[in-house]
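Engineer: Enclosed is the structure file input24.pdb (PDB, C-alpha atoms).
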```pdb
ATOM      1  CA  MET A 704      -2.087 -25.379 -22.929
ATOM      2  CA  GLU A 705       1.212 -26.276 -24.504
ATOM      3  CA  GLY A 706       4.021 -24.253 -25.951
ATOM      4  CA  PRO A 707       6.242 -21.471 -24.732
ATOM      5  CA  ILE A 708       4.712 -18.252 -23.546
ATOM      6  CA  ALA A 709       4.984 -15.599 -26.255
ATOM      7  CA  ALA A 710       6.147 -12.095 -25.377
ATOM      8  CA  ASP A 711       2.886 -10.546 -26.485
ATOM      9  CA  GLU A 712       0.743 -13.166 -24.769
ATOM     10  CA  VAL A 713      -1.793 -11.717 -22.366
ATOM     11  CA  LEU A 714      -1.817 -13.010 -18.804
ATOM     12  CA  ALA A 715      -4.769 -12.556 -16.458
ATOM     13  CA  ARG A 716      -4.432 -11.999 -12.733
ATOM     14  CA  PHE A 717      -7.815 -12.734 -11.199
ATOM     15  CA  ILE A 718      -8.892 -10.371  -8.432
ATOM     16  CA  LEU A 719     -11.057 -11.450  -5.496
ATOM     17  CA  ASP A 720     -10.538  -8.452  -3.272
ATOM     18  CA  ARG A 721     -12.017  -5.041  -4.082
ATOM     19  CA  SER A 722      -9.252  -3.427  -2.012
ATOM     20  CA  GLN A 723      -6.856  -4.336  -4.827
ATOM     21  CA  LEU A 724      -8.601  -1.853  -7.113
ATOM     22  CA  ARG A 725      -8.971   1.903  -6.898
ATOM     23  CA  ALA A 726     -12.293   3.609  -7.442
ATOM     24  CA  ASP A 727     -11.398   4.171 -11.104
ATOM     25  CA  ARG A 728     -10.704   0.417 -11.466
ATOM     26  CA  SER A 729      -6.967   0.926 -11.830
ATOM     27  CA  VAL A 730      -5.003  -1.873 -10.212
ATOM     28  CA  LYS A 731      -3.163  -1.382  -6.921
ATOM     29  CA  HIS A 732       0.269  -2.841  -6.362
ATOM     30  CA  ASN A 733      -0.898  -5.397  -3.807
ATOM     31  CA  ALA A 734      -2.649  -7.278  -6.621
ATOM     32  CA  PHE A 735       0.829  -8.012  -7.976
ATOM     33  CA  MET A 736       2.791  -8.397  -4.741
ATOM     34  CA  PRO A 737       4.198 -11.920  -4.573
ATOM     35  CA  PRO A 738       2.879 -14.187  -1.818
ATOM     36  CA  PRO A 739       5.376 -15.845   0.534
ATOM     37  CA  SER A 740       5.595 -18.743  -1.946
ATOM     38  CA  ALA A 741       7.108 -16.216  -4.404
ATOM     39  CA  LYS A 742       4.865 -17.615  -7.143
ATOM     40  CA  LEU A 743       2.306 -15.128  -8.402
ATOM     41  CA  SER A 744      -0.555 -17.011  -9.993
ATOM     42  CA  VAL A 745      -1.762 -15.941 -13.459
ATOM     43  CA  TYR A 746      -3.646 -17.531 -16.343
ATOM     44  CA  ARG A 747      -2.850 -17.587 -20.031
ATOM     45  CA  ILE A 748      -5.990 -16.379 -21.775
ATOM     46  CA  VAL A 749      -4.935 -16.241 -25.422
ATOM     47  CA  GLY A 750      -7.649 -17.614 -27.698
ATOM     48  CA  LEU A 751     -10.372 -17.495 -25.065
ATOM     49  CA  CYS A 752     -13.508 -15.396 -25.363
ATOM     50  CA  ASP A 753     -14.553 -13.232 -22.442
ATOM     51  CA  PRO A 754     -17.087 -15.653 -20.876
ATOM     52  CA  GLU A 755     -14.495 -18.422 -21.044
ATOM     53  CA  VAL A 756     -11.970 -16.266 -19.191
ATOM     54  CA  TRP A 757     -14.496 -15.531 -16.442
ATOM     55  CA  GLN A 758     -15.385 -19.206 -16.251
ATOM     56  CA  LEU A 759     -11.693 -20.005 -15.752
ATOM     57  CA  GLY A 760     -11.437 -17.442 -12.974
ATOM     58  CA  ASN A 761     -14.577 -18.617 -11.260
ATOM     59  CA  GLU A 762     -13.816 -22.327 -11.378
ATOM     60  CA  TYR A 763     -10.101 -22.341 -10.672
ATOM     61  CA  VAL A 764      -9.594 -19.268  -8.501
ATOM     62  CA  ALA A 765     -12.783 -17.930  -6.913
ATOM     63  CA  ASN A 766     -14.415 -21.251  -6.083
ATOM     64  CA  ILE A 767     -11.193 -22.699  -4.704
ATOM     65  CA  ARG A 768     -10.672 -19.708  -2.425
ATOM     66  CA  GLY A 769     -14.339 -19.436  -1.533
ATOM     67  CA  LYS A 770     -14.774 -15.840  -2.629
ATOM     68  CA  PRO A 771     -16.620 -14.178  -5.491
ATOM     69  CA  LEU A 772     -14.598 -13.000  -8.437
ATOM     70  CA  VAL A 773     -14.298  -9.209  -8.555
ATOM     71  CA  GLY A 774     -12.392  -8.744 -11.780
ATOM     72  CA  ARG A 775      -9.170  -9.364 -13.601
ATOM     73  CA  ALA A 776      -6.037  -7.449 -14.418
ATOM     74  CA  GLU A 777      -4.352  -8.180 -17.716
ATOM     75  CA  ILE A 778      -0.705  -7.811 -18.506
ATOM     76  CA  LYS A 779       1.494  -8.929 -21.384
ATOM     77  CA  ALA A 780       4.257 -11.424 -20.686
ATOM     78  CA  LEU A 781       6.753  -8.932 -22.119
ATOM     79  CA  GLU A 782       5.923  -6.455 -19.354
ATOM     80  CA  VAL A 783       6.699  -9.147 -16.809
ATOM     81  CA  THR A 784      10.044 -10.109 -18.332
ATOM     82  CA  ASN A 785      10.945  -6.414 -18.659
ATOM     83  CA  CYS A 786      10.857  -6.354 -14.857
ATOM     84  CA  ASP A 787      13.462  -9.146 -14.674
ATOM     85  CA  LEU A 788      10.815 -11.700 -13.817
ATOM     86  CA  SER A 789       9.897 -14.888 -15.639
ATOM     87  CA  VAL A 790       6.630 -16.603 -16.469
ATOM     88  CA  GLU A 791       6.582 -20.345 -15.970
ATOM     89  CA  ALA A 792       3.719 -22.331 -17.446
ATOM     90  CA  THR A 793       2.340 -25.031 -15.186
ATOM     91  CA  THR A 794      -0.457 -27.549 -15.592
ATOM     92  CA  VAL A 795      -1.851 -27.300 -12.063
ATOM     93  CA  PRO A 796      -4.579 -26.445 -11.246
ATOM     94  CA  HIS A 797      -5.338 -25.894 -14.938
ATOM     95  CA  PRO A 798      -3.399 -26.315 -18.183
ATOM     96  CA  ARG A 799      -3.535 -22.536 -18.708
ATOM     97  CA  HIS A 800      -2.064 -21.725 -15.304
ATOM     98  CA  ALA A 801       1.311 -20.016 -14.984
ATOM     99  CA  ASN A 802       3.413 -18.521 -12.234
ATOM    100  CA  ILE A 803       5.312 -15.257 -12.291
ATOM    101  CA  LYS A 804       8.643 -16.099 -10.700
ATOM    102  CA  GLY A 805      12.049 -14.597 -10.140
ATOM    103  CA  TRP A 806      11.097 -12.247  -7.313
ATOM    104  CA  LYS A 807      14.044 -10.887  -5.371
ATOM    105  CA  GLY A 808      12.744 -11.910  -1.942
ATOM    106  CA  ASP A 809      13.341  -8.323  -0.835
ATOM    107  CA  THR A 810      10.008  -6.646  -0.144
ATOM    108  CA  GLU A 811      11.427  -3.213  -0.896
ATOM    109  CA  LYS A 812      12.452  -4.209  -4.437
ATOM    110  CA  ASP A 813       9.522  -6.546  -5.000
ATOM    111  CA  ARG A 814       7.098  -3.778  -4.027
ATOM    112  CA  LEU A 815       8.543  -1.469  -6.662
ATOM    113  CA  THR A 816       8.277  -4.260  -9.236
ATOM    114  CA  ALA A 817       4.660  -4.867  -8.219
ATOM    115  CA  ILE A 818       3.952  -1.156  -8.596
ATOM    116  CA  LYS A 819       5.357  -1.256 -12.126
ATOM    117  CA  LEU A 820       3.343  -4.335 -13.074
ATOM    118  CA  ALA A 821       0.167  -2.782 -11.690
ATOM    119  CA  SER A 822       0.829   0.415 -13.630
ATOM    120  CA  LYS A 823       1.251  -1.603 -16.830
ATOM    121  CA  ALA A 824      -1.938  -3.556 -16.131
ATOM    122  CA  GLY A 825      -3.871  -0.300 -16.143
ATOM    123  CA  THR A 826      -7.570  -0.712 -15.575
ATOM    124  CA  ALA A 827      -9.104  -3.982 -14.439
ATOM    125  CA  LYS A 828     -12.055  -5.639 -16.126
ATOM    126  CA  LEU A 829     -14.900  -6.221 -13.729
ATOM    127  CA  THR A 830     -17.164  -9.258 -13.700
TER     128      THR A 830
ATOM    129  CA  MET B 846      15.287  30.288  22.778
ATOM    130  CA  THR B 847      12.250  29.669  24.908
ATOM    131  CA  THR B 848      10.454  27.627  22.293
ATOM    132  CA  LEU B 849      13.234  25.087  22.250
ATOM    133  CA  ILE B 850      12.417  23.922  25.747
ATOM    134  CA  ILE B 851       8.692  23.601  25.233
ATOM    135  CA  ASN B 852       6.976  20.372  24.394
ATOM    136  CA  SER B 853       3.303  21.168  24.048
ATOM    137  CA  GLY B 854       2.409  18.223  21.859
ATOM    138  CA  TYR B 855       3.095  19.976  18.599
ATOM    139  CA  ARG B 856       5.459  17.985  16.462
ATOM    140  CA  ALA B 857       7.985  19.521  14.133
ATOM    141  CA  THR B 858       6.284  17.545  11.383
ATOM    142  CA  GLY B 859       3.222  19.750  11.690
ATOM    143  CA  SER B 860       1.088  17.194  13.465
ATOM    144  CA  TRP B 861      -0.660  17.234  16.838
ATOM    145  CA  ARG B 862      -0.673  14.662  19.524
ATOM    146  CA  ALA B 863      -1.463  14.849  23.213
ATOM    147  CA  THR B 864       1.664  14.223  25.264
ATOM    148  CA  ASN B 865       2.817  14.484  28.811
ATOM    149  CA  VAL B 866       4.392  17.839  28.903
ATOM    150  CA  ALA B 867       7.849  18.888  29.994
ATOM    151  CA  ARG B 868       8.274  22.628  29.659
ATOM    152  CA  GLY B 869      10.392  25.589  30.541
ATOM    153  CA  VAL B 870       9.985  27.438  33.811
ATOM    154  CA  SER B 871      10.144  31.077  32.696
ATOM    155  CA  ASP B 872       7.049  33.272  32.372
ATOM    156  CA  ALA B 873       7.574  33.439  28.628
ATOM    157  CA  ALA B 874       7.768  29.681  28.389
ATOM    158  CA  SER B 875       4.634  29.346  30.474
ATOM    159  CA  SER B 876       2.759  31.865  28.334
ATOM    160  CA  ILE B 877       3.718  30.195  25.087
ATOM    161  CA  PHE B 878       2.907  26.810  26.531
ATOM    162  CA  ASN B 879      -0.558  27.931  27.593
ATOM    163  CA  THR B 880      -1.241  29.444  24.185
ATOM    164  CA  LEU B 881      -0.192  26.283  22.408
ATOM    165  CA  ARG B 882      -2.126  24.128  24.874
ATOM    166  CA  SER B 883      -5.236  26.218  24.322
ATOM    167  CA  PHE B 884      -4.859  25.880  20.571
ATOM    168  CA  GLN B 885      -4.320  22.138  20.901
ATOM    169  CA  GLN B 886      -7.488  21.795  22.982
ATOM    170  CA  HIS B 887      -9.370  23.786  20.374
ATOM    171  CA  VAL B 888      -8.159  21.440  17.658
ATOM    172  CA  VAL B 889      -9.042  18.365  19.698
ATOM    173  CA  THR B 890     -12.565  19.570  20.500
ATOM    174  CA  SER B 891     -13.402  21.021  17.077
ATOM    175  CA  ALA B 892     -15.357  18.961  14.554
ATOM    176  CA  THR B 893     -12.403  18.940  12.207
ATOM    177  CA  GLY B 894     -10.032  17.976  14.985
ATOM    178  CA  GLN B 895     -12.322  15.203  16.179
ATOM    179  CA  ALA B 896     -12.568  13.821  12.675
ATOM    180  CA  ARG B 897      -8.818  14.057  12.286
ATOM    181  CA  LEU B 898      -8.112  12.211  15.526
ATOM    182  CA  ALA B 899     -10.739   9.555  14.818
ATOM    183  CA  GLU B 900      -9.405   8.990  11.332
ATOM    184  CA  PRO B 901      -6.595   6.537  12.162
ATOM    185  CA  ASP B 902      -9.045   4.338  14.070
ATOM    186  CA  GLU B 903     -11.515   4.442  11.205
ATOM    187  CA  LYS B 904      -8.958   3.716   8.493
ATOM    188  CA  LEU B 905      -7.403   0.864  10.432
ATOM    189  CA  ARG B 906     -10.816  -0.585  11.241
ATOM    190  CA  GLU B 907     -11.681  -0.627   7.531
ATOM    191  CA  LEU B 908      -8.342  -2.240   6.759
ATOM    192  CA  PHE B 909      -8.818  -4.847   9.487
ATOM    193  CA  GLU B 910     -12.285  -5.758   8.232
ATOM    194  CA  ALA B 911     -11.009  -6.052   4.664
ATOM    195  CA  ILE B 912      -8.231  -8.361   5.771
ATOM    196  CA  GLU B 913     -10.505 -10.439   7.982
ATOM    197  CA  SER B 914     -12.813 -11.108   5.046
ATOM    198  CA  GLU B 915      -9.970 -12.386   2.894
ATOM    199  CA  VAL B 916      -8.985 -15.964   2.348
ATOM    200  CA  GLU B 917      -5.244 -15.982   2.332
ATOM    201  CA  GLU B 918      -3.423 -16.927  -0.851
ATOM    202  CA  ASP B 919      -0.337 -19.097  -0.763
ATOM    203  CA  GLY B 920       0.401 -18.424   2.868
ATOM    204  CA  ALA B 921      -0.163 -14.668   2.744
ATOM    205  CA  LYS B 922       0.180 -13.170   6.219
ATOM    206  CA  ARG B 923      -2.110 -10.843   8.103
ATOM    207  CA  PRO B 924      -0.509  -7.735   9.580
ATOM    208  CA  SER B 925       0.807  -8.222  13.103
ATOM    209  CA  TRP B 926      -0.392  -6.205  16.078
ATOM    210  CA  GLU B 927       2.914  -4.334  15.919
ATOM    211  CA  ALA B 928       2.279  -3.429  12.282
ATOM    212  CA  TYR B 929      -1.169  -2.049  13.183
ATOM    213  CA  ARG B 930       0.328  -0.056  16.030
ATOM    214  CA  GLU B 931       3.016   1.409  13.794
ATOM    215  CA  ALA B 932       0.438   2.243  11.124
ATOM    216  CA  TYR B 933      -1.753   3.927  13.746
ATOM    217  CA  ASN B 934       1.101   6.092  14.986
ATOM    218  CA  VAL B 935       2.167   7.052  11.488
ATOM    219  CA  LEU B 936      -1.411   8.022  10.616
ATOM    220  CA  LEU B 937      -1.844   9.968  13.815
ATOM    221  CA  ASN B 938       1.354  11.885  13.224
ATOM    222  CA  LEU B 939       0.777  12.810   9.601
ATOM    223  CA  PRO B 940       0.569  16.566   9.159
ATOM    224  CA  VAL B 941      -2.964  17.882   9.053
ATOM    225  CA  GLU B 942      -2.375  19.508   5.682
ATOM    226  CA  MET B 943      -1.185  16.294   4.051
ATOM    227  CA  PRO B 944      -3.670  14.465   1.782
ATOM    228  CA  ARG B 945      -4.941  11.288   3.422
ATOM    229  CA  PRO B 946      -3.322   8.110   2.085
ATOM    230  CA  THR B 947      -5.124   4.921   1.154
ATOM    231  CA  LEU B 948      -4.222   1.983   3.406
ATOM    232  CA  ILE B 949      -3.375  -1.219   1.596
ATOM    233  CA  PRO B 950      -2.692  -4.662   3.107
ATOM    234  CA  GLU B 951       0.278  -6.469   1.599
ATOM    235  CA  PRO B 952       0.591 -10.262   1.398
ATOM    236  CA  HIS B 953       3.666 -10.482   3.617
ATOM    237  CA  GLY B 954       1.890  -8.747   6.518
ATOM    238  CA  ALA B 955       2.890  -5.137   5.959
ATOM    239  CA  ILE B 956       0.529  -2.170   5.820
ATOM    240  CA  ALA B 957       1.146   0.242   2.969
ATOM    241  CA  PHE B 958       0.098   3.902   2.692
ATOM    242  CA  GLU B 959      -0.513   5.049  -0.853
ATOM    243  CA  TRP B 960      -0.621   8.550  -2.307
ATOM    244  CA  CYS B 961      -1.629   8.177  -5.933
ATOM    245  CA  LYS B 962      -1.879  10.775  -8.664
ATOM    246  CA  ASP B 963      -2.301   8.105 -11.328
ATOM    247  CA  PRO B 964      -0.880   4.575 -11.768
ATOM    248  CA  GLN B 965       2.358   6.026 -13.193
ATOM    249  CA  HIS B 966       2.764   8.608 -10.425
ATOM    250  CA  LEU B 967       2.432   7.286  -6.905
ATOM    251  CA  PHE B 968       4.241   7.170  -3.593
ATOM    252  CA  ILE B 969       4.000   4.297  -1.138
ATOM    253  CA  ILE B 970       5.372   3.865   2.352
ATOM    254  CA  SER B 971       5.029   0.625   4.231
ATOM    255  CA  VAL B 972       5.363  -0.556   7.840
ATOM    256  CA  ASN B 973       5.563  -4.136   9.062
ATOM    257  CA  GLY B 974       5.956  -3.929  12.818
ATOM    258  CA  THR B 975       9.741  -4.018  12.884
ATOM    259  CA  ARG B 976      10.334  -0.265  13.127
ATOM    260  CA  THR B 977      11.497  -0.210   9.537
ATOM    261  CA  MET B 978       9.711   1.974   7.026
ATOM    262  CA  GLU B 979      10.074   1.048   3.377
ATOM    263  CA  TYR B 980       9.162   3.378   0.563
ATOM    264  CA  ALA B 981       8.773   3.124  -3.174
ATOM    265  CA  ALA B 982       7.658   5.643  -5.736
ATOM    266  CA  LEU B 983       6.973   5.883  -9.430
ATOM    267  CA  LEU B 984       7.474   9.441 -10.571
ATOM    268  CA  GLY B 985       6.974   8.929 -14.292
ATOM    269  CA  GLU B 986       8.510   6.759 -16.972
ATOM    270  CA  GLY B 987      11.954   5.587 -15.849
ATOM    271  CA  ASP B 988      11.879   7.780 -12.754
ATOM    272  CA  GLU B 989      11.589   5.710  -9.611
ATOM    273  CA  LEU B 990      12.972   5.423  -6.122
ATOM    274  CA  HIS B 991      12.867   2.983  -3.263
ATOM    275  CA  GLY B 992      14.557   2.426   0.054
ATOM    276  CA  SER B 993      14.061   1.782   3.731
ATOM    277  CA  MET B 994      14.836   3.504   7.019
ATOM    278  CA  SER B 995      14.388   2.747  10.676
ATOM    279  CA  PHE B 996      11.739   4.943  12.275
ATOM    280  CA  SER B 997       9.682   5.603  15.372
ATOM    281  CA  GLU B 998       6.114   6.900  14.999
ATOM    282  CA  ILE B 999       6.790   9.594  12.407
ATOM    283  CA  VAL B1000       7.885   9.415   8.786
ATOM    284  CA  PRO B1001      11.683   9.896   8.759
ATOM    285  CA  ALA B1002      12.802  13.260   7.399
ATOM    286  CA  PRO B1003      14.493  11.969   4.208
ATOM    287  CA  ILE B1004      11.368  10.001   3.226
ATOM    288  CA  ARG B1005       9.165  12.923   4.260
ATOM    289  CA  ALA B1006      11.147  15.276   2.020
ATOM    290  CA  ASN B1007      10.537  13.065  -1.013
ATOM    291  CA  LEU B1008       6.894  12.606  -0.058
ATOM    292  CA  ASP B1009       6.391  16.346   0.364
ATOM    293  CA  LEU B1010       7.911  16.956  -3.049
ATOM    294  CA  PHE B1011       5.633  14.351  -4.582
ATOM    295  CA  ILE B1012       2.538  15.752  -2.880
ATOM    296  CA  SER B1013       3.399  19.290  -3.919
ATOM    297  CA  GLU B1014       3.099  18.152  -7.515
ATOM    298  CA  LEU B1015      -0.243  16.398  -7.090
TER     299      LEU B1015
END
```
Take the structure in the file and write it out as structure tokens.

Structural biologist:
Amino acid sequence: MEGPIAADEVLARFILDRSQLRADRSVKHNAFMPPPSAKLSVYRIVGLCDPEVWQLGNEYVANIRGKPLVGRAEIKALEVTNCDLSVEATTVPHPRHANIKGWKGDTEKDRLTAIKLASKAGTAKLT
Amino acid sequence: MTTLIINSGYRATGSWRATNVARGVSDAASSIFNTLRSFQQHVVTSATGQARLAEPDEKLRELFEAIESEVEEDGAKRPSWEAYREAYNVLLNLPVEMPRPTLIPEPHGAIAFEWCKDPQHLFIISVNGTRTMEYAALLGEGDELHGSMSFSEIVPAPIRANLDLFISEL
């Protein structure tokens, strides 16, 4: 997928671990905590219908990590940039892949940012 | 001032834990000690007390199983033995009246404790095995706090004060 990421573009964070969701399907902060690579993997899902989004998650996230897909959290790019982070489109492993970057490398601050992102993501969609 | 020289296992935080006891030598100290000891034994042997003492083991076991079933993403770390031990001690020393937190594994190997009213109102503390407790809270739109403190077994008083305030509004 080409072109810059628009502020109102929706990004999907695929969830493979039920412990990242509360009982009411709201998203916990650990779904948005950056891994040691400091690149939080998301997918640009604009223009895709629901089955196509799930197919993307299954083929390029769940199958690669060998776990079933549990759901997805959605967040607008604007919410990410409002947290002083950036979204960088990549073409690997899929043209719609992107990384959330710009983490501080300080778990105390990054945790608070992850909490904010999770709160903005609201309720996850389940498979 | 007798009570100041008694250590019956009751912590100032309102929690209970069996300890080796050093106590005063006066009759009053002995009497108070025996009363507290009797109460402690009652708590330990009661159904509620048993459940309370078994709870840290149960919560950590669930957390461990959840982590073991995960495939790590981008080098995410599992909690260290030290992190588990710190989490166990924090759980064990939480006041009995405090709502139980949800334990959450974090990708850099820390174990977080979450008290959540809703996604916009939550309080999280986190331990990682280095005797440093980090905390972060969302208390509504634009109202947030975060920080870290060194600690040993119990939640440090400044963090506890904020946590108590948050819980009182749940």

Engineer: Which residues would end up in the selection if the ChimeraX specification (/B :<7) & /A were applied here, given that I need the answer as an MDAnalysis selection string?

Structural biologist: chainID A and resid 733 736 738:740 768 811 815 822

Engineer: Quick check, in Å to one decimal: how far apart do CA of Arg775 in chain A and CA of Asn973 in chain B lie?

Structural biologist: 27.5 Å

Engineer: Can you tell me, as a list of chain:residue names, what residues are no more than 12 Å from Asp1009 in chain B when counting all atoms listed in the file, ignoring any on the same chain fewer than 5 positions away?

Structural biologist: B:Thr858, B:Leu939, B:Pro940, B:Glu942, B:Met943, B:Pro944, B:Trp960, B:Phe968, B:Val1000, B:Pro1001, B:Ala1002, B:Pro1003, B:Ile1004, B:Glu1014, B:Leu1015

Engineer: Could you tell me which of A:Arg716, A:Lys742, A:Arg721, A:His732 comes closest to Ile818 in chain A if we count only C-alpha atoms?

Structural biologist: A:His732

Engineer: Return as a VMD selection string the set of residues that the PyMOL selection byres ((chain A and resi 825) around 9) yields on the displayed structure.

Structural biologist: (chain A and resid 728 to 730 776 to 778 820 to 824 826 to 827) or (chain B and resid 964)

Engineer: Keeping only C-alpha atoms, take the residues you just selected and write them out as a CSV table (one decimal), in the frame of the given file.

Structural biologist:
```
chain,number,residue,atom,x,y,z
A,728,ARG,CA,-10.7,0.4,-11.5
A,729,SER,CA,-7.0,0.9,-11.8
A,730,VAL,CA,-5.0,-1.9,-10.2
A,776,ALA,CA,-6.0,-7.4,-14.4
A,777,GLU,CA,-4.4,-8.2,-17.7
A,778,ILE,CA,-0.7,-7.8,-18.5
A,820,LEU,CA,3.3,-4.3,-13.1
A,821,ALA,CA,0.2,-2.8,-11.7
A,822,SER,CA,0.8,0.4,-13.6
A,823,LYS,CA,1.3,-1.6,-16.8
A,824,ALA,CA,-1.9,-3.6,-16.1
A,826,THR,CA,-7.6,-0.7,-15.6
A,827,ALA,CA,-9.1,-4.0,-14.4
B,964,PRO,CA,-0.9,4.6,-11.8
```

Engineer: What gap, in Å, lies between CA of Gly985 in chain B and CA of Val783 in chain A?

Structural biologist: 18.3 Å

Engineer: One decimal, Å: what's the distance from CA of Ile956 in chain B over to CA of Leu781 in chain A, could you say?

Structural biologist: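 Taking CA of Ile956 in chain B and CA of Leu781 in chain A, their separation equals 29.4 Å.
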
Engineer: Please identify all polymer residues lying at most 7 Å from the point (-8.9, -16.7, -7.6) (file coordinates), using all atoms listed in the file, and present the result as a list of chain:residue names.

Structural biologist: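 Within 7 Å of (-8.9, -16.7, -7.6), the protein and nucleic acid residues are A:Phe717, A:Ile718, A:Leu719, A:Gly760, A:Tyr763, A:Val764, A:Ala765, A:Arg768, A:Leu772.
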
Engineer: Could you expand the PyMOL selection byres ((chain A and resi 797) around 10) into the explicit residues it covers here, written as a PyMOL selection string?

Structural biologist: chain A and resi 704+746+759+762-763+793-796+798-801

Engineer: Of the residues A:Glu791, A:Ala741, A:Val773, A:Trp757, which is the one nearest to Pro707 in chain A, using all atoms listed in the file?

Structural biologist: A:Glu791

Engineer: Near Leu743 in chain A, within 6 Å and counting all atoms listed in the file, which residues show up once chain neighbours fewer than 3 positions away are dropped, as a list in words?

Structural biologist: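 Returned residues: Pro737, Asn802 and Ile803 of chain A.
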
Engineer: For Leu936 in chain B, please output as a count of residues only all residues within 9 Å (counting all atoms listed in the file; exclusion window: fewer than 4 positions along the same chain).

Structural biologist: 10

Engineer: Could you check which of B:Asn934, B:Ile1012, B:Asn1007, B:Ala928 is closest to Thr977 in chain B, using all atoms listed in the file?

Structural biologist: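 That would be B:Ala928, the residue with the smallest distance to Thr977 in chain B.
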